[in-house]
Amino acid sequence: MTVRILHISDLHAGRRESPETLAALHELAAELRPELVLATGDLAHRGRRAQLERARELLAGVGAPVLAVPGNHDLPYTVPARFTRPFREWERVFGTTEPVYSSERLVVAGLSSARPWRQQGGALTEGALARAASLLGAASPGALRVVALHHHLAAPPWRPRRKRPLRRRDRVLRLLAEAGAELVVGGHVHQAAVAARREFEALEQERGGSLVLATAPGLGRPRPTRAGEACGLNVYEAGPDTLEVTTFAWQAGAFREVGRRTFPRG
């Protein structure tokens, strides 16, 4: 049986909201009927409670369970709150910063990569990685094992330097692979990217399926005049033997499929 996930990122609620785009998102979700919606951070534009509450309202309209993790824009932009209580408003609205989802077909570990002292970069704690590994290890046989965070592990090479990837991402990728992750998803860069680990690392001693890294384009466009930023989302479909990644981009007033790749599962 196929499991389907809808992945959106970077809503930036509170800044240049597009009713047309949001309506199209809800229509697409109603058509696809995903088991889960992943929202990988920057749901608010300046980390204010009203913006986070608006993001929660928009996500609730999708009509499926939502797993949301914070991004750098979801932290307060005021001092000292950014450093003394960086996740207080997030936790009031969305609950934990490291949510989990588990069913017979799907297990997702949400990780918080946003850090108060890293406005654009991100990092993960050893404890978070250990908790993710434990969750993935307990997954039912055949369940798709997913990790969701804001900061990307793989991204288009033309993004500016300020959009930094996850700190120590080589080590993080190795640890997640050892834990059995099949799909690691993020956002942050407002562009789509999809790559399998075997495409950029030699793994002569390892067998099995792919570990896929997928970055979703941003759903919001807080700076519409900035070049090189797409508006769109990803959809993941996993059967017993394959994982399919489809990217939709906003074109001519609708979300249209612009790319599709299929990878083997282990």
# chains A, B, ... in the order shown; residues from 1 in each chain; ligands from 1
call {"tool": "closest_atom_pairs", "arguments": {"of": "segment 65-144 of chain A", "to": "segment 7-21 of chain A", "cutoff": "9 Å", "atoms": "only C-alpha atoms", "output": "Markdown table"}}
result
| residue | atom | partner | partner_atom | distance |
| --- | --- | --- | --- | --- |
| A:Gly71 | CA | A:Asp10 | CA | 8.1 |
| A:His73 | CA | A:His12 | CA | 7.7 |
| A:Asp74 | CA | A:His12 | CA | 8.8 |
call {"tool": "write_last_selection", "arguments": {"atoms": "N, CA and C atoms", "output": "PDB file, in the first residue's frame"}}
result
ATOM      1  N   GLY A  71      11.934  26.914  12.070  1.00  0.00           N
ATOM      2  CA  GLY A  71      13.062  27.423  11.299  1.00  0.00           C
ATOM      3  C   GLY A  71      13.617  28.672  11.951  1.00  0.00           C
ATOM      4  N   HIS A  73      13.340  31.755  11.142  1.00  0.00           N
ATOM      5  CA  HIS A  73      12.391  32.866  11.206  1.00  0.00           C
ATOM      6  C   HIS A  73      11.312  32.652  12.262  1.00  0.00           C
ATOM      7  N   ASP A  74      11.234  31.465  12.826  1.00  0.00           N
ATOM      8  CA  ASP A  74      10.228  31.185  13.847  1.00  0.00           C
ATOM      9  C   ASP A  74      10.703  31.557  15.249  1.00  0.00           C
TER      10      ASP A  74
END
call {"tool": "select_by_dssp", "arguments": {"residues": "segment 78-264 of chain A", "states": "alpha helix (DSSP H)", "output": "number ranges by chain"}}
result
A: 81-84, 88-94, 126-137, 169-178
call {"tool": "closest_residue", "arguments": {"among": "A:Leu59, A:Leu149, A:Ala114, A:Ala249", "to": "Ala214 of chain A", "atoms": "only C-alpha atoms"}}
result
A:Leu149
call {"tool": "residues_around", "arguments": {"residues": "segment 60-65 of chain A", "least_positions_apart": "3", "cutoff": "6 Å", "atoms": "only C-alpha atoms", "output": "ChimeraX atom specification"}}
result
/A:26,36,57
call {"tool": "write_last_selection", "arguments": {"atoms": "N, CA and C atoms", "output": "short mmCIF file (atom, residue, chain, number, x, y, z; two decimals), in the first residue's frame"}}
result
data_model
loop_
_atom_site.label_atom_id
_atom_site.label_comp_id
_atom_site.auth_asym_id
_atom_site.auth_seq_id
_atom_site.Cartn_x
_atom_site.Cartn_y
_atom_site.Cartn_z
N HIS A 26 -4.80 23.97 -0.77
CA HIS A 26 -5.87 23.19 -0.17
C HIS A 26 -6.55 22.29 -1.20
N LEU A 36 0.10 12.58 5.81
CA LEU A 36 0.74 13.55 6.70
C LEU A 36 1.21 14.74 5.90
N GLU A 57 -3.29 28.06 11.54
CA GLU A 57 -4.62 28.12 10.91
C GLU A 57 -4.54 27.71 9.44
#
call {"tool": "atom_distance", "arguments": {"atom1": "atom CA of Thr242 of chain A", "atom2": "atom CA of Pro264 of chain A"}}
result
4.5 Å
call {"tool": "atom_distance", "arguments": {"atom1": "atom CA of Val100 of chain A", "atom2": "atom CA of Ala39 of chain A"}}
result
12.6 Å
call {"tool": "select_by_dssp", "arguments": {"residues": "segment 150-256 of chain A", "states": "strand (DSSP E or B)", "output": "PyMOL selection string"}}
result
chain A and resi 166+183-186+193-196+212-215+218+231-238+242-251+254-256
call {"tool": "residues_around", "arguments": {"residues": "Pro156 of chain A", "least_positions_apart": "5", "cutoff": "10 Å", "atoms": "only C-alpha atoms", "output": "list in words"}}
result
Val189, His190, Gln191, Ala192, Ala193, Val194 and Thr215 of chain A
call {"tool": "write_last_selection", "arguments": {"atoms": "N, CA and C atoms", "output": "PDB file, in the first residue's frame"}}
result
ATOM      1  N   VAL A 189      15.993  27.257   1.700  1.00  0.00           N
ATOM      2  CA  VAL A 189      16.619  27.926   0.566  1.00  0.00           C
ATOM      3  C   VAL A 189      15.621  28.421  -0.491  1.00  0.00           C
ATOM      4  N   HIS A 190      14.336  28.088  -0.348  1.00  0.00           N
ATOM      5  CA  HIS A 190      13.304  28.532  -1.295  1.00  0.00           C
ATOM      6  C   HIS A 190      13.558  28.022  -2.716  1.00  0.00           C
ATOM      7  N   GLN A 191      14.213  26.889  -2.811  1.00  0.00           N
ATOM      8  CA  GLN A 191      14.419  26.214  -4.085  1.00  0.00           C
ATOM      9  C   GLN A 191      14.351  24.715  -3.849  1.00  0.00           C
ATOM     10  N   ALA A 192      13.935  23.992  -4.857  1.00  0.00           N
ATOM     11  CA  ALA A 192      13.841  22.540  -4.730  1.00  0.00           C
ATOM     12  C   ALA A 192      15.155  21.876  -5.099  1.00  0.00           C
ATOM     13  N   ALA A 193      15.460  20.782  -4.402  1.00  0.00           N
ATOM     14  CA  ALA A 193      16.616  19.955  -4.732  1.00  0.00           C
ATOM     15  C   ALA A 193      16.334  18.540  -4.253  1.00  0.00           C
ATOM     16  N   VAL A 194      16.696  17.564  -5.064  1.00  0.00           N
ATOM     17  CA  VAL A 194      16.502  16.157  -4.714  1.00  0.00           C
ATOM     18  C   VAL A 194      17.763  15.398  -5.105  1.00  0.00           C
ATOM     19  N   THR A 215      14.800  18.856  -0.635  1.00  0.00           N
ATOM     20  CA  THR A 215      14.555  20.216  -0.163  1.00  0.00           C
ATOM     21  C   THR A 215      13.347  20.763  -0.905  1.00  0.00           C
TER      22      THR A 215
END
call {"tool": "residues_around", "arguments": {"residues": "Pro99 of chain A", "least_positions_apart": "2", "cutoff": "7 Å", "atoms": "only C-alpha atoms", "output": "ChimeraX atom specification"}}
result
/A:67,96-97,101,109-110
call {"tool": "closest_residue", "arguments": {"among": "A:Leu75, A:Leu211, A:Ala254, A:Leu153", "to": "His188 of chain A", "atoms": "only C-alpha atoms"}}
result
A:Leu153
call {"tool": "atom_distance", "arguments": {"atom1": "atom CA of Gly180 of chain A", "atom2": "atom CA of Val66 of chain A"}}
result
22.7 Å
call {"tool": "residues_around", "arguments": {"residues": "Ala177 of chain A", "least_positions_apart": "3", "cutoff": "12 Å", "atoms": "only C-alpha atoms", "output": "ChimeraX atom specification"}}
result
/A:129,132-133,136-137,145-147,169-174,180-184,196-198,203,206-213,266
